[in-house]
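> Contents are mmCIF, C-alpha atoms and all ligand atoms; file name model_10.cif:
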data_my_file
loop_
_atom_site.group_PDB
_atom_site.id
_atom_site.type_symbol
_atom_site.label_atom_id
_atom_site.label_comp_id
_atom_site.auth_asym_id
_atom_site.auth_seq_id
_atom_site.Cartn_x
_atom_site.Cartn_y
_atom_site.Cartn_z
ATOM 1 C CA MET A 1 -23.581 -16.500 -81.484
ATOM 2 C CA ASP A 2 -23.412 -18.013 -78.013
ATOM 3 C CA PRO A 3 -25.379 -21.321 -77.991
ATOM 4 C CA ALA A 4 -27.194 -20.361 -74.788
ATOM 5 C CA TYR A 5 -28.494 -17.214 -76.475
ATOM 6 C CA ARG A 6 -29.483 -19.139 -79.623
ATOM 7 C CA GLU A 7 -31.602 -21.405 -77.446
ATOM 8 C CA TRP A 8 -33.117 -18.490 -75.481
ATOM 9 C CA THR A 9 -33.896 -16.547 -78.658
ATOM 10 C CA GLU A 10 -35.691 -19.561 -80.181
ATOM 11 C CA ALA A 11 -37.647 -20.184 -76.989
ATOM 12 C CA PHE A 12 -38.501 -16.483 -76.837
ATOM 13 C CA ILE A 13 -39.931 -16.522 -80.382
ATOM 14 C CA GLY A 14 -41.963 -19.610 -79.504
ATOM 15 C CA LEU A 15 -43.467 -17.953 -76.441
ATOM 16 C CA ILE A 16 -44.113 -14.567 -77.975
ATOM 17 C CA GLU A 17 -45.960 -16.114 -80.939
ATOM 18 C CA THR A 18 -48.480 -17.849 -78.682
ATOM 19 C CA TYR A 19 -49.539 -14.596 -76.973
ATOM 20 C CA SER A 20 -51.481 -11.694 -78.419
ATOM 21 C CA SER A 21 -50.311 -9.308 -75.683
ATOM 22 C CA VAL A 22 -47.280 -8.783 -73.459
ATOM 23 C CA THR A 23 -46.802 -7.114 -70.063
ATOM 24 C CA ILE A 24 -43.264 -5.903 -69.332
ATOM 25 C CA LEU A 25 -42.272 -5.543 -65.673
ATOM 26 C CA SER A 26 -39.082 -4.626 -63.816
ATOM 27 C CA HIS A 27 -38.006 -4.763 -60.185
ATOM 28 C CA ILE A 28 -39.422 -2.525 -57.469
ATOM 29 C CA ARG A 29 -37.415 0.624 -56.642
ATOM 30 C CA PRO A 30 -36.097 0.422 -60.209
ATOM 31 C CA ASP A 31 -32.676 1.586 -61.344
ATOM 32 C CA PRO A 32 -31.829 2.734 -64.889
ATOM 33 C CA ASP A 33 -31.020 -0.834 -66.004
ATOM 34 C CA ALA A 34 -34.455 -2.038 -64.885
ATOM 35 C CA ILE A 35 -36.265 0.858 -66.580
ATOM 36 C CA GLY A 36 -34.018 0.936 -69.658
ATOM 37 C CA THR A 37 -34.215 -2.797 -70.302
ATOM 38 C CA ALA A 38 -38.006 -2.733 -69.946
ATOM 39 C CA LEU A 39 -38.513 0.318 -72.181
ATOM 40 C CA GLY A 40 -36.147 -1.091 -74.808
ATOM 41 C CA ILE A 41 -38.110 -4.338 -74.993
ATOM 42 C CA TYR A 42 -41.332 -2.292 -75.040
ATOM 43 C CA HIS A 43 -40.210 -0.374 -78.140
ATOM 44 C CA TRP A 44 -38.792 -3.481 -79.773
ATOM 45 C CA LEU A 45 -42.104 -5.361 -79.367
ATOM 46 C CA LYS A 46 -44.175 -2.328 -80.385
ATOM 47 C CA ALA A 47 -42.172 -2.028 -83.589
ATOM 48 C CA SER A 48 -42.953 -5.668 -84.304
ATOM 49 C CA GLY A 49 -46.666 -4.921 -83.973
ATOM 50 C CA LYS A 50 -47.349 -6.505 -80.582
ATOM 51 C CA ARG A 51 -49.948 -5.294 -78.099
ATOM 52 C CA VAL A 52 -47.702 -4.366 -75.182
ATOM 53 C CA GLU A 53 -47.816 -2.550 -71.837
ATOM 54 C CA VAL A 54 -45.019 -1.620 -69.438
ATOM 55 C CA ALA A 55 -45.464 -1.353 -65.668
ATOM 56 C CA ASN A 56 -43.532 -1.038 -62.413
ATOM 57 C CA ALA A 57 -44.983 -1.617 -58.951
ATOM 58 C CA SER A 58 -43.106 1.334 -57.379
ATOM 59 C CA ARG A 59 -44.900 4.694 -57.514
ATOM 60 C CA GLU A 60 -41.590 6.543 -57.473
ATOM 61 C CA LEU A 61 -39.447 6.138 -60.589
ATOM 62 C CA PRO A 62 -36.022 7.762 -61.149
ATOM 63 C CA GLY A 63 -37.236 11.108 -62.527
ATOM 64 C CA TYR A 64 -33.968 11.849 -64.327
ATOM 65 C CA LEU A 65 -34.851 9.083 -66.787
ATOM 66 C CA ASP A 66 -37.815 11.113 -68.022
ATOM 67 C CA PHE A 67 -35.982 11.785 -71.304
ATOM 68 C CA LEU A 68 -36.200 8.108 -72.252
ATOM 69 C CA PRO A 69 -38.772 7.561 -74.989
ATOM 70 C CA GLY A 70 -41.836 5.922 -73.440
ATOM 71 C CA PHE A 71 -40.965 6.849 -69.816
ATOM 72 C CA ASP A 72 -44.436 8.407 -69.460
ATOM 73 C CA ARG A 73 -46.013 5.123 -70.611
ATOM 74 C CA ILE A 74 -44.838 3.269 -67.481
ATOM 75 C CA LYS A 75 -47.909 2.392 -65.424
ATOM 76 C CA HIS A 76 -48.165 1.183 -61.850
ATOM 77 C CA ARG A 77 -50.707 -1.544 -62.523
ATOM 78 C CA MET A 78 -51.094 -4.436 -64.954
ATOM 79 C CA ASP A 79 -54.124 -4.114 -67.229
ATOM 80 C CA TYR A 80 -53.784 -7.128 -69.544
ATOM 81 C CA GLU A 81 -55.150 -10.334 -68.078
ATOM 82 C CA ASP A 82 -53.701 -13.181 -70.111
ATOM 83 C CA ALA A 83 -50.538 -11.541 -71.348
ATOM 84 C CA LEU A 84 -47.076 -13.051 -71.406
ATOM 85 C CA ILE A 85 -44.999 -11.482 -68.626
ATOM 86 C CA ILE A 86 -41.464 -10.271 -69.289
ATOM 87 C CA ALA A 87 -39.508 -9.631 -66.069
ATOM 88 C CA CYS A 88 -36.496 -7.309 -66.445
ATOM 89 C CA ASP A 89 -33.421 -7.106 -64.174
ATOM 90 C CA CYS A 90 -35.288 -8.921 -61.438
ATOM 91 C CA GLY A 91 -33.383 -11.460 -59.315
ATOM 92 C CA SER A 92 -36.391 -13.020 -57.627
ATOM 93 C CA ILE A 93 -40.123 -13.076 -58.256
ATOM 94 C CA ASP A 94 -41.057 -11.159 -55.079
ATOM 95 C CA ARG A 95 -39.047 -8.166 -56.374
ATOM 96 C CA LEU A 96 -41.613 -7.734 -59.165
ATOM 97 C CA GLY A 97 -44.128 -6.401 -56.663
ATOM 98 C CA PHE A 98 -47.049 -7.835 -58.698
ATOM 99 C CA ASP A 99 -48.838 -11.165 -58.425
ATOM 100 C CA VAL A 100 -47.886 -13.164 -61.514
ATOM 101 C CA SER A 101 -48.836 -16.599 -60.191
ATOM 102 C CA GLY A 102 -50.070 -18.967 -62.882
ATOM 103 C CA ARG A 103 -48.578 -16.798 -65.642
ATOM 104 C CA GLU A 104 -45.792 -17.614 -68.072
ATOM 105 C CA VAL A 105 -42.779 -15.394 -67.446
ATOM 106 C CA VAL A 106 -39.732 -14.556 -69.533
ATOM 107 C CA ASN A 107 -36.992 -13.772 -67.011
ATOM 108 C CA ILE A 108 -34.353 -11.451 -68.519
ATOM 109 C CA ASP A 109 -31.595 -10.756 -66.040
ATOM 110 C CA HIS A 110 -27.900 -10.792 -65.106
ATOM 111 C CA HIS A 111 -27.959 -11.254 -61.317
ATOM 112 C CA LEU A 112 -25.687 -14.044 -60.067
ATOM 113 C CA THR A 113 -28.295 -14.941 -57.461
ATOM 114 C CA ASN A 114 -31.278 -15.037 -59.881
ATOM 115 C CA THR A 115 -33.707 -17.726 -58.693
ATOM 116 C CA ARG A 116 -34.719 -18.833 -62.241
ATOM 117 C CA PHE A 117 -38.405 -18.182 -61.585
ATOM 118 C CA GLY A 118 -39.373 -17.906 -65.268
ATOM 119 C CA THR A 119 -40.831 -20.189 -67.905
ATOM 120 C CA LEU A 120 -37.832 -19.022 -69.909
ATOM 121 C CA ASN A 121 -34.765 -17.881 -67.978
ATOM 122 C CA ALA A 122 -32.492 -15.731 -70.122
ATOM 123 C CA VAL A 123 -30.137 -15.124 -67.213
ATOM 124 C CA ASP A 124 -26.508 -14.346 -68.002
ATOM 125 C CA SER A 125 -24.415 -13.371 -64.993
ATOM 126 C CA ARG A 126 -21.491 -12.437 -67.276
ATOM 127 C CA ALA A 127 -23.578 -9.660 -68.800
ATOM 128 C CA VAL A 128 -22.859 -6.225 -67.291
ATOM 129 C CA ALA A 129 -26.494 -5.172 -67.514
ATOM 130 C CA SER A 130 -29.856 -6.762 -68.191
ATOM 131 C CA ALA A 131 -29.941 -4.485 -71.233
ATOM 132 C CA GLU A 132 -26.947 -6.387 -72.616
ATOM 133 C CA VAL A 133 -28.920 -9.637 -72.217
ATOM 134 C CA ALA A 134 -31.942 -8.061 -73.942
ATOM 135 C CA TRP A 135 -29.791 -6.851 -76.824
ATOM 136 C CA ARG A 136 -28.088 -10.248 -77.325
ATOM 137 C CA LEU A 137 -31.481 -11.946 -77.149
ATOM 138 C CA LEU A 138 -33.449 -9.683 -79.488
ATOM 139 C CA SER A 139 -31.033 -8.053 -81.942
ATOM 140 C CA PRO A 140 -30.599 -11.269 -84.007
ATOM 141 C CA LEU A 141 -34.341 -11.103 -84.723
ATOM 142 C CA GLY A 142 -34.359 -7.800 -86.557
ATOM 143 C CA THR A 143 -33.465 -4.138 -86.502
ATOM 144 C CA VAL A 144 -33.394 -2.501 -83.073
ATOM 145 C CA PRO A 145 -35.578 0.654 -83.106
ATOM 146 C CA LYS A 146 -33.785 3.863 -82.137
ATOM 147 C CA GLU A 147 -35.963 4.274 -79.029
ATOM 148 C CA ALA A 148 -34.911 0.816 -77.814
ATOM 149 C CA ALA A 149 -31.251 1.538 -78.570
ATOM 150 C CA VAL A 150 -31.324 4.704 -76.428
ATOM 151 C CA ALA A 151 -32.995 2.912 -73.505
ATOM 152 C CA TRP A 152 -30.549 -0.004 -73.571
ATOM 153 C CA TYR A 153 -27.534 2.285 -74.002
ATOM 154 C CA VAL A 154 -28.513 4.315 -70.930
ATOM 155 C CA ALA A 155 -28.943 1.065 -68.977
ATOM 156 C CA LEU A 156 -25.455 -0.057 -70.044
ATOM 157 C CA VAL A 157 -23.871 3.279 -69.103
ATOM 158 C CA SER A 158 -25.564 3.201 -65.719
ATOM 159 C CA ASP A 159 -24.938 -0.400 -64.640
ATOM 160 C CA THR A 160 -21.270 -0.169 -65.721
ATOM 161 C CA ARG A 161 -20.790 3.248 -64.049
ATOM 162 C CA ASN A 162 -19.811 4.689 -67.419
ATOM 163 C CA PHE A 163 -18.008 1.534 -68.580
ATOM 164 C CA THR A 164 -15.723 1.256 -65.544
ATOM 165 C CA THR A 165 -16.996 -1.660 -63.416
ATOM 166 C CA GLN A 166 -14.858 -4.748 -62.718
ATOM 167 C CA ASN A 167 -17.037 -6.964 -64.895
ATOM 168 C CA MET A 168 -16.406 -4.902 -68.084
ATOM 169 C CA HIS A 169 -15.313 -6.890 -71.145
ATOM 170 C CA ARG A 170 -14.782 -6.034 -74.807
ATOM 171 C CA GLY A 171 -18.166 -7.476 -75.816
ATOM 172 C CA VAL A 172 -19.837 -4.583 -73.996
ATOM 173 C CA PHE A 173 -18.254 -2.157 -76.463
ATOM 174 C CA ASP A 174 -19.621 -4.243 -79.351
ATOM 175 C CA CYS A 175 -23.052 -3.925 -77.799
ATOM 176 C CA ALA A 176 -22.632 -0.180 -77.160
ATOM 177 C CA ALA A 177 -21.306 0.391 -80.703
ATOM 178 C CA ALA A 178 -24.255 -1.468 -82.238
ATOM 179 C CA LEU A 179 -26.653 0.675 -80.195
ATOM 180 C CA VAL A 180 -24.855 3.881 -81.243
ATOM 181 C CA ASP A 181 -25.187 2.704 -84.870
ATOM 182 C CA ARG A 182 -28.954 2.591 -84.275
ATOM 183 C CA GLY A 183 -28.977 6.313 -83.531
ATOM 184 C CA VAL A 184 -27.946 6.956 -79.916
ATOM 185 C CA ASP A 185 -26.774 10.565 -79.495
ATOM 186 C CA ILE A 186 -23.832 10.069 -77.090
ATOM 187 C CA PRO A 187 -23.372 13.712 -75.924
ATOM 188 C CA GLU A 188 -27.123 13.971 -75.362
ATOM 189 C CA VAL A 189 -27.118 10.837 -73.161
ATOM 190 C CA THR A 190 -24.144 12.210 -71.214
ATOM 191 C CA ARG A 191 -25.979 15.474 -70.626
ATOM 192 C CA GLN A 192 -29.162 13.736 -69.544
ATOM 193 C CA VAL A 193 -27.572 11.051 -67.356
ATOM 194 C CA LEU A 194 -24.601 12.842 -65.767
ATOM 195 C CA HIS A 195 -25.418 16.546 -65.818
ATOM 196 C CA ARG A 196 -28.934 16.762 -64.438
ATOM 197 C CA ARG A 197 -28.383 15.836 -60.784
ATOM 198 C CA SER A 198 -30.744 17.068 -58.124
ATOM 199 C CA LEU A 199 -29.449 19.348 -55.357
ATOM 200 C CA ALA A 200 -30.788 16.836 -52.808
ATOM 201 C CA SER A 201 -28.572 14.110 -54.268
ATOM 202 C CA LEU A 202 -25.420 16.193 -53.609
ATOM 203 C CA ARG A 203 -26.592 17.281 -50.135
ATOM 204 C CA ILE A 204 -27.224 13.686 -49.086
ATOM 205 C CA LEU A 205 -23.900 12.603 -50.612
ATOM 206 C CA GLY A 206 -22.236 15.104 -48.252
ATOM 207 C CA ARG A 207 -24.002 13.572 -45.270
ATOM 208 C CA ALA A 208 -23.079 10.048 -46.340
ATOM 209 C CA ILE A 209 -19.403 11.000 -46.653
ATOM 210 C CA ASP A 210 -19.511 12.688 -43.218
ATOM 211 C CA SER A 211 -20.792 9.407 -41.774
ATOM 212 C CA LEU A 212 -17.915 7.339 -43.187
ATOM 213 C CA GLU A 213 -16.206 4.937 -40.784
ATOM 214 C CA LEU A 214 -13.434 2.451 -41.481
ATOM 215 C CA ARG A 215 -13.206 -1.018 -39.909
ATOM 216 C CA LEU A 216 -11.010 -4.139 -40.151
ATOM 217 C CA ASP A 217 -7.747 -2.271 -40.858
ATOM 218 C CA ALA A 218 -9.589 0.186 -43.139
ATOM 219 C CA ARG A 219 -10.474 -2.633 -45.534
ATOM 220 C CA VAL A 220 -14.186 -2.130 -44.831
ATOM 221 C CA ALA A 221 -15.935 1.238 -45.193
ATOM 222 C CA LEU A 222 -19.308 1.936 -43.600
ATOM 223 C CA MET A 223 -21.650 4.784 -44.442
ATOM 224 C CA SER A 224 -25.073 5.311 -42.973
ATOM 225 C CA LEU A 225 -27.975 7.657 -43.614
ATOM 226 C CA THR A 226 -30.646 8.233 -41.012
ATOM 227 C CA ARG A 227 -34.251 9.158 -41.592
ATOM 228 C CA ALA A 228 -33.310 12.641 -40.363
ATOM 229 C CA ASP A 229 -30.654 12.890 -43.099
ATOM 230 C CA ARG A 230 -33.197 12.009 -45.743
ATOM 231 C CA LEU A 231 -35.774 14.443 -44.371
ATOM 232 C CA ALA A 232 -33.323 17.333 -43.960
ATOM 233 C CA THR A 233 -31.953 17.042 -47.496
ATOM 234 C CA GLY A 234 -35.239 16.133 -49.163
ATOM 235 C CA ALA A 235 -33.483 13.203 -50.843
ATOM 236 C CA ARG A 236 -35.630 10.541 -52.491
ATOM 237 C CA ASP A 237 -34.544 6.968 -53.152
ATOM 238 C CA PRO A 238 -33.204 7.659 -56.658
ATOM 239 C CA ASP A 239 -30.972 10.402 -55.144
ATOM 240 C CA LEU A 240 -29.052 7.716 -53.216
ATOM 241 C CA ASP A 241 -27.943 5.949 -56.397
ATOM 242 C CA GLY A 242 -24.164 5.503 -56.596
ATOM 243 C CA ILE A 243 -23.269 6.995 -53.207
ATOM 244 C CA VAL A 244 -21.798 3.721 -51.931
ATOM 245 C CA ASP A 245 -19.311 3.780 -54.837
ATOM 246 C CA TYR A 246 -17.553 6.735 -53.188
ATOM 247 C CA ALA A 247 -16.775 4.572 -50.147
ATOM 248 C CA ARG A 248 -15.468 1.751 -52.315
ATOM 249 C CA SER A 249 -13.171 4.162 -54.176
ATOM 250 C CA LEU A 250 -10.957 4.666 -51.089
ATOM 251 C CA VAL A 251 -7.479 3.211 -51.578
ATOM 252 C CA THR A 252 -7.543 0.746 -48.655
ATOM 253 C CA VAL A 253 -11.152 -0.325 -48.972
ATOM 254 C CA GLU A 254 -12.119 -3.783 -50.268
ATOM 255 C CA VAL A 255 -15.763 -3.792 -49.190
ATOM 256 C CA ALA A 256 -18.052 -0.769 -48.869
ATOM 257 C CA VAL A 257 -21.343 -0.884 -47.029
ATOM 258 C CA MET A 258 -24.082 1.725 -47.035
ATOM 259 C CA LEU A 259 -27.037 1.554 -44.654
ATOM 260 C CA VAL A 260 -30.156 3.634 -45.182
ATOM 261 C CA GLU A 261 -32.667 3.861 -42.374
ATOM 262 C CA TYR A 262 -36.398 3.686 -43.181
ATOM 263 C CA SER A 263 -39.258 3.655 -40.678
ATOM 264 C CA ASP A 264 -39.488 -0.137 -40.392
ATOM 265 C CA TYR A 265 -36.285 -1.501 -41.949
ATOM 266 C CA ILE A 266 -32.708 -0.701 -42.936
ATOM 267 C CA LYS A 267 -31.682 -1.002 -46.584
ATOM 268 C CA VAL A 268 -28.102 -2.212 -47.030
ATOM 269 C CA SER A 269 -26.010 -1.833 -50.197
ATOM 270 C CA LEU A 270 -22.704 -3.675 -50.586
ATOM 271 C CA ARG A 271 -19.930 -3.002 -53.099
ATOM 272 C CA SER A 272 -16.509 -4.589 -53.469
ATOM 273 C CA LYS A 273 -13.394 -4.453 -55.634
ATOM 274 C CA GLY A 274 -13.550 -8.221 -56.224
ATOM 275 C CA ALA A 275 -14.527 -9.816 -52.911
ATOM 276 C CA ASP A 276 -17.789 -11.771 -53.172
ATOM 277 C CA VAL A 277 -20.333 -9.656 -51.315
ATOM 278 C CA ALA A 278 -23.309 -11.577 -52.773
ATOM 279 C CA ARG A 279 -22.531 -14.189 -50.061
ATOM 280 C CA ILE A 280 -23.107 -11.616 -47.327
ATOM 281 C CA ALA A 281 -26.323 -10.437 -48.962
ATOM 282 C CA GLN A 282 -27.577 -14.020 -49.276
ATOM 283 C CA HIS A 283 -26.790 -14.694 -45.629
ATOM 284 C CA PHE A 284 -29.130 -11.826 -44.727
ATOM 285 C CA GLY A 285 -31.847 -12.893 -47.197
ATOM 286 C CA GLY A 286 -30.886 -10.613 -50.107
ATOM 287 C CA GLY A 287 -28.913 -11.119 -53.308
ATOM 288 C CA GLY A 288 -27.082 -9.502 -56.194
ATOM 289 C CA HIS A 289 -23.751 -9.766 -57.955
ATOM 290 C CA ALA A 290 -20.281 -10.672 -56.631
ATOM 291 C CA VAL A 291 -19.226 -7.007 -56.492
ATOM 292 C CA ALA A 292 -22.617 -5.343 -55.924
ATOM 293 C CA ALA A 293 -25.346 -6.777 -53.730
ATOM 294 C CA GLY A 294 -27.953 -5.752 -51.194
ATOM 295 C CA PHE A 295 -30.444 -6.788 -48.547
ATOM 296 C CA GLU A 296 -32.752 -5.428 -45.846
ATOM 297 C CA MET A 297 -32.592 -5.728 -42.033
ATOM 298 C CA GLU A 298 -35.364 -5.282 -39.509
ATOM 299 C CA GLY A 299 -35.729 -4.803 -35.779
ATOM 300 C CA MET A 300 -32.413 -3.103 -34.946
ATOM 301 C CA ASP A 301 -30.734 0.305 -34.976
ATOM 302 C CA LEU A 302 -28.051 1.418 -37.446
ATOM 303 C CA GLU A 303 -25.150 0.743 -35.099
ATOM 304 C CA SER A 304 -26.093 -2.838 -34.275
ATOM 305 C CA ALA A 305 -26.799 -3.458 -37.965
ATOM 306 C CA GLN A 306 -23.305 -2.215 -38.824
ATOM 307 C CA ASN A 307 -21.722 -4.424 -36.172
ATOM 308 C CA ARG A 308 -23.570 -7.511 -37.383
ATOM 309 C CA ILE A 309 -22.497 -6.889 -40.981
ATOM 310 C CA VAL A 310 -18.839 -6.369 -40.039
ATOM 311 C CA LYS A 311 -18.948 -9.551 -37.959
ATOM 312 C CA MET A 312 -20.396 -11.470 -40.929
ATOM 313 C CA ILE A 313 -17.686 -10.125 -43.262
ATOM 314 C CA GLU A 314 -15.183 -11.653 -40.814
ATOM 315 C CA THR A 315 -17.085 -14.910 -40.258
ATOM 316 C CA LEU A 316 -17.603 -15.600 -43.961
ATOM 317 C CA GLU A 317 -13.978 -14.596 -44.673
ATOM 318 C CA VAL A 318 -15.106 -12.369 -47.502
ATOM 319 C CA LEU A 319 -12.004 -10.157 -47.678
ATOM 320 C CA VAL A 320 -9.515 -11.446 -50.243
HETATM 321 MN MN MN A 401 -28.841 -4.533 -63.682
#
For the file at hand, write its structure as structure tokens.
Ligand SMILES: [Mn+2]


Amino acid sequence: MDPAYREWTEAFIGLIETYSSVTILSHIRPDPDAIGTALGIYHWLKASGKRVEVANASRELPGYLDFLPGFDRIKHRMDYEDALIIACDCGSIDRLGFDVSGREVVNIDHHLTNTRFGTLNAVDSRAVASAEVAWRLLSPLGTVPKEAAVAWYVALVSDTRNFTTQNMHRGVFDCAAALVDRGVDIPEVTRQVLHRRSLASLRILGRAIDSLELRLDARVALMSLTRADRLATGARDPDLDGIVDYARSLVTVEVAVMLVEYSDYIKVSLRSKGADVARIAQHFGGGGHAVAAGFEMEGMDLESAQNRIVKMIETLEVLV
């Protein structure tokens, strides 16, 4: 076992034993890794007899995850007062969306730019998903309940885009195999995760692809979605998941950028085939991983936002 994990696991036991209850949180506008990691830990702790609650500050959760055991237990407020906090897949404390000042926090994450805001920081940027970190941290302590295995497996599948991202390594298959051994029904997960798309998600994908522009010798792809696009298609935030990957898949493209217009800000997602886009995100006050990062911009229209981002890709010499 990796010495870092041995240390984290011991520190985790120490912390968990001093608390009678635990509140599990994940980042606002959660993705499947955030939800899956949190629900997995929820089931793992429940099986060990802990008093535990799970919450997310965003009202809107990805509805297609409703098949995950415990999805309907996710609240939008914290009820326990002196509980230990476990933060899942959350790169910085403000992304929790709850006030946790003065509380002890276990920070379980894999973002390169994680700010180490926890009492215990189990942060492994080599891990492909926060669920992988959770599994490495907790599985040495006892049997993983089936419900936890399903939640973590779905998180793995999602954050690795079905085991195809650049950061994949053989250890991920060990993790996936161990979870399957705990009872994950692979065809069922495939059906739930890949074959239950909303019509709005395909309609908005069409609009995003129509908006595609290429810059810097076609090495940079830009896509943008206006408020009108979102209104006309009825797309919700979870329907935008993965769209930027289509831009990155183009043969010439090294960096793909998707901008989504909201009433008072623009949300920007960056993807690359190896170039470090976390640097761009950090320049604009955001964060993420080398090949997948994001940030928000305010006070400008889509076109000027695009121009500023392209300029920054040039200035920071991000293209490899
Ligand atoms: Mn993640």

> Given the file above and the PyMOL selection byres (((chain A and resi 19) around 12) and not hetatm), which residues are selected, and can you give them as a ChimeraX atom specification?

/A:12-18,20-23,50-52,80-86,103-105

> Counting only C-alpha atoms, which residue out of A:Leu199, A:Leu250, A:Val189, A:Ala11 sits closest to A:Ala218?

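That would be A:Leu250, the residue with the smallest distance to A:Ala218.
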
> Under the PyMOL selection byres (((not hetatm)) within 6 of (chain A and resi 401)), which residues of this model are included? Write them out as a ChimeraX atom specification.

/A:33,89,129-130,159

> Which one is closest to A:Leu39: A:Ala151, A:Ala122, A:Val253, A:Ala275? Count all atoms listed in the file.

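When distances to A:Leu39 are compared using all atoms listed in the file, the smallest one comes from A:Ala151.
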
> Once the PyMOL selection byres (((chain A and resi 178-182) around 8) and not hetatm) has been evaluated on this model, what residues remain selected, and can you format them as a PyMOL selection string?

chain A and resi 144-146+149-150+152-153+174-177+183-186

> Can you write just those residues out, C-alpha atoms, as an mmCIF file, in the coordinates of the input?


data_model
loop_
_atom_site.group_PDB
_atom_site.id
_atom_site.type_symbol
_atom_site.label_atom_id
_atom_site.label_comp_id
_atom_site.auth_asym_id
_atom_site.auth_seq_id
_atom_site.Cartn_x
_atom_site.Cartn_y
_atom_site.Cartn_z
ATOM 1 C CA VAL A 144 -33.394 -2.501 -83.073
ATOM 2 C CA PRO A 145 -35.578 0.654 -83.106
ATOM 3 C CA LYS A 146 -33.785 3.863 -82.137
ATOM 4 C CA ALA A 149 -31.251 1.538 -78.570
ATOM 5 C CA VAL A 150 -31.324 4.704 -76.428
ATOM 6 C CA TRP A 152 -30.549 -0.004 -73.571
ATOM 7 C CA TYR A 153 -27.534 2.285 -74.002
ATOM 8 C CA ASP A 174 -19.621 -4.243 -79.351
ATOM 9 C CA CYS A 175 -23.052 -3.925 -77.799
ATOM 10 C CA ALA A 176 -22.632 -0.180 -77.160
ATOM 11 C CA ALA A 177 -21.306 0.391 -80.703
ATOM 12 C CA GLY A 183 -28.977 6.313 -83.531
ATOM 13 C CA VAL A 184 -27.946 6.956 -79.916
ATOM 14 C CA ASP A 185 -26.774 10.565 -79.495
ATOM 15 C CA ILE A 186 -23.832 10.069 -77.090
#

> Quote the spacing between atom CA of A:Pro62 and atom CA of A:Met297 in Å to one decimal place.

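Interatomic distance here is 23.6 Å.
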
> I'd like the interatomic distance between atom CA of A:Val255 and atom CA of A:Ala131, to a tenth of an Å.

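Atom-to-atom, atom CA of A:Val255 to atom CA of A:Ala131, that is 26.2 Å.
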
> Between A:Leu316, A:Leu302, A:Val157, A:Ala235, which one has atoms that come closest to A:Glu261, using only C-alpha atoms?

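Answer, going by the shortest atom-to-atom distance: A:Leu302.
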
> Could you work out how far atom CA of A:Ala293 lies from atom CA of A:Leu216, giving the answer in Å with one decimal?

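Calculated distance between atom CA of A:Leu216 and atom CA of A:Ala293 is 19.9 Å.
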
> Excluding stretch 108-115 of chain A and its own-chain neighbours fewer than 4 positions away, which residues fall within 9 Å of it when counting all atoms listed in the file? Please give them as a VMD selection string.

chain A and resid 37 86 to 93 120 to 134 278 282 286 to 290

> Check the smallest atom-to-atom distance from each of A:Ala55, A:Arg29, A:Arg279, A:His195 to A:Thr315 using only C-alpha atoms, then report the winner.

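For A:Thr315, the nearest of the candidates is A:Arg279.
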
> If we count only C-alpha atoms and set the cut-off at 12 Å, which residues sit around A:Asp2, ignoring sequence neighbours fewer than 5 positions away in its own chain? Please answer as a PyMOL selection string.

chain A and resi 7-9+124+133+136-137+140+171

> Which residue gives the smallest distance to A:Gly242 among A:Leu65, A:Leu205, A:Tyr42, A:Gln192, with only C-alpha atoms counted?

A:Leu205

> So, counting all atoms listed in the file, which residue among A:Ala281, A:Ala208, A:Val100, A:Val154 is closest to A:Gly40?

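Among A:Ala281, A:Ala208, A:Val100, A:Val154, it is A:Val154 that comes nearest to A:Gly40.
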
> Calculate, to one decimal in Å, the centre and edge lengths of the box along x, y and z of the file that holds all listed atoms of stretch 196-206 of chain A with 5 Å of margin on each side, and present them as JSON.


{"center_x": -26.5, "center_y": 16.0, "center_z": -56.3, "size_x": 18.6, "size_y": 16.7, "size_z": 26.2}

> Please, can stretch 214-221 of chain A be completed to N, CA and C atoms and returned as a tab-separated table (two decimals), in the frame of the given file?


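The resulting file, selection27.tsv, is reproduced below:
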chain	number	residue	atom	x	y	z
A	214	LEU	N	-14.23	3.55	-40.94
A	214	LEU	CA	-13.43	2.45	-41.48
A	214	LEU	C	-13.26	1.37	-40.42
A	215	ARG	N	-13.36	0.13	-40.82
A	215	ARG	CA	-13.21	-1.02	-39.91
A	215	ARG	C	-12.26	-2.04	-40.52
A	216	LEU	N	-11.87	-3.03	-39.71
A	216	LEU	CA	-11.01	-4.14	-40.15
A	216	LEU	C	-9.80	-3.61	-40.94
A	217	ASP	N	-8.95	-2.84	-40.25
A	217	ASP	CA	-7.75	-2.27	-40.86
A	217	ASP	C	-8.06	-1.43	-42.09
A	218	ALA	N	-9.17	-0.72	-42.05
A	218	ALA	CA	-9.59	0.19	-43.14
A	218	ALA	C	-9.89	-0.55	-44.44
A	219	ARG	N	-10.12	-1.86	-44.33
A	219	ARG	CA	-10.47	-2.63	-45.53
A	219	ARG	C	-11.99	-2.61	-45.76
A	220	VAL	N	-12.73	-2.22	-44.71
A	220	VAL	CA	-14.19	-2.13	-44.83
A	220	VAL	C	-14.61	-0.70	-44.53
A	221	ALA	N	-15.41	-0.11	-45.42
A	221	ALA	CA	-15.94	1.24	-45.19
A	221	ALA	C	-17.44	1.14	-44.92
